[in-house]
Amino acid sequence: MLTTVAVLGTLGFISWLVYRAIRGRPLRANHITYGIAIVTGVYTYAFFLGMNVPQLIKVVVSIILGIGLIILASYLQRRRGEILKS
């Protein structure tokens with residue numbers, strides 16, 4: 001069931017990109033990255049549902065650690081940018 005939703009989400013994302021291109025609206029990198037992140041998240045969630053619970057816990061901890069590192073990197077990058085502007 002979730003795989004079907006993921007496939008339909010992917011088709012919807014591709015359709016949205018085509019629609020924006022036809023209407024002449026600019027496609028910025030953040031739109032494409034955001035859409036790919038959402039589609040990837042749905043596929044990942046569908047994959048996790050088929051896993052064993054202990055393995056699922058390991059993966060979730062790894063994801064949370066990755067999120068923490070991304071937040072730390074963005075904080076440090078923003079802080080470095082403020083220092084360079086001063």
# chains A, B, ... in the order shown; residues from 1 in each chain; ligands from 1
call {"tool": "residues_around", "arguments": {"residues": "Thr40 (chain A)", "least_positions_apart": "3", "cutoff": "12 Å", "atoms": "only C-alpha atoms", "output": "PyMOL selection string"}}
result
chain A and resi 3+5-7+9-10+13+33-37+43-47
call {"tool": "closest_residue", "arguments": {"among": "A:Val42, A:Leu69, A:Arg25, A:Asn30", "to": "Leu8 (chain A)", "atoms": "only C-alpha atoms"}}
result
A:Val42
call {"tool": "closest_residue", "arguments": {"among": "A:Arg79, A:Val60, A:Gly12, A:Ile70", "to": "Phe48 (chain A)", "atoms": "only C-alpha atoms"}}
result
A:Val60
call {"tool": "atom_distance", "arguments": {"atom1": "CA of Thr4 (chain A)", "atom2": "CA of Ala21 (chain A)"}}
result
25.8 Å
call {"tool": "closest_residue", "arguments": {"among": "A:Leu65, A:His31, A:Gln77, A:Lys58", "to": "Ile14 (chain A)", "atoms": "only C-alpha atoms"}}
result
A:His31
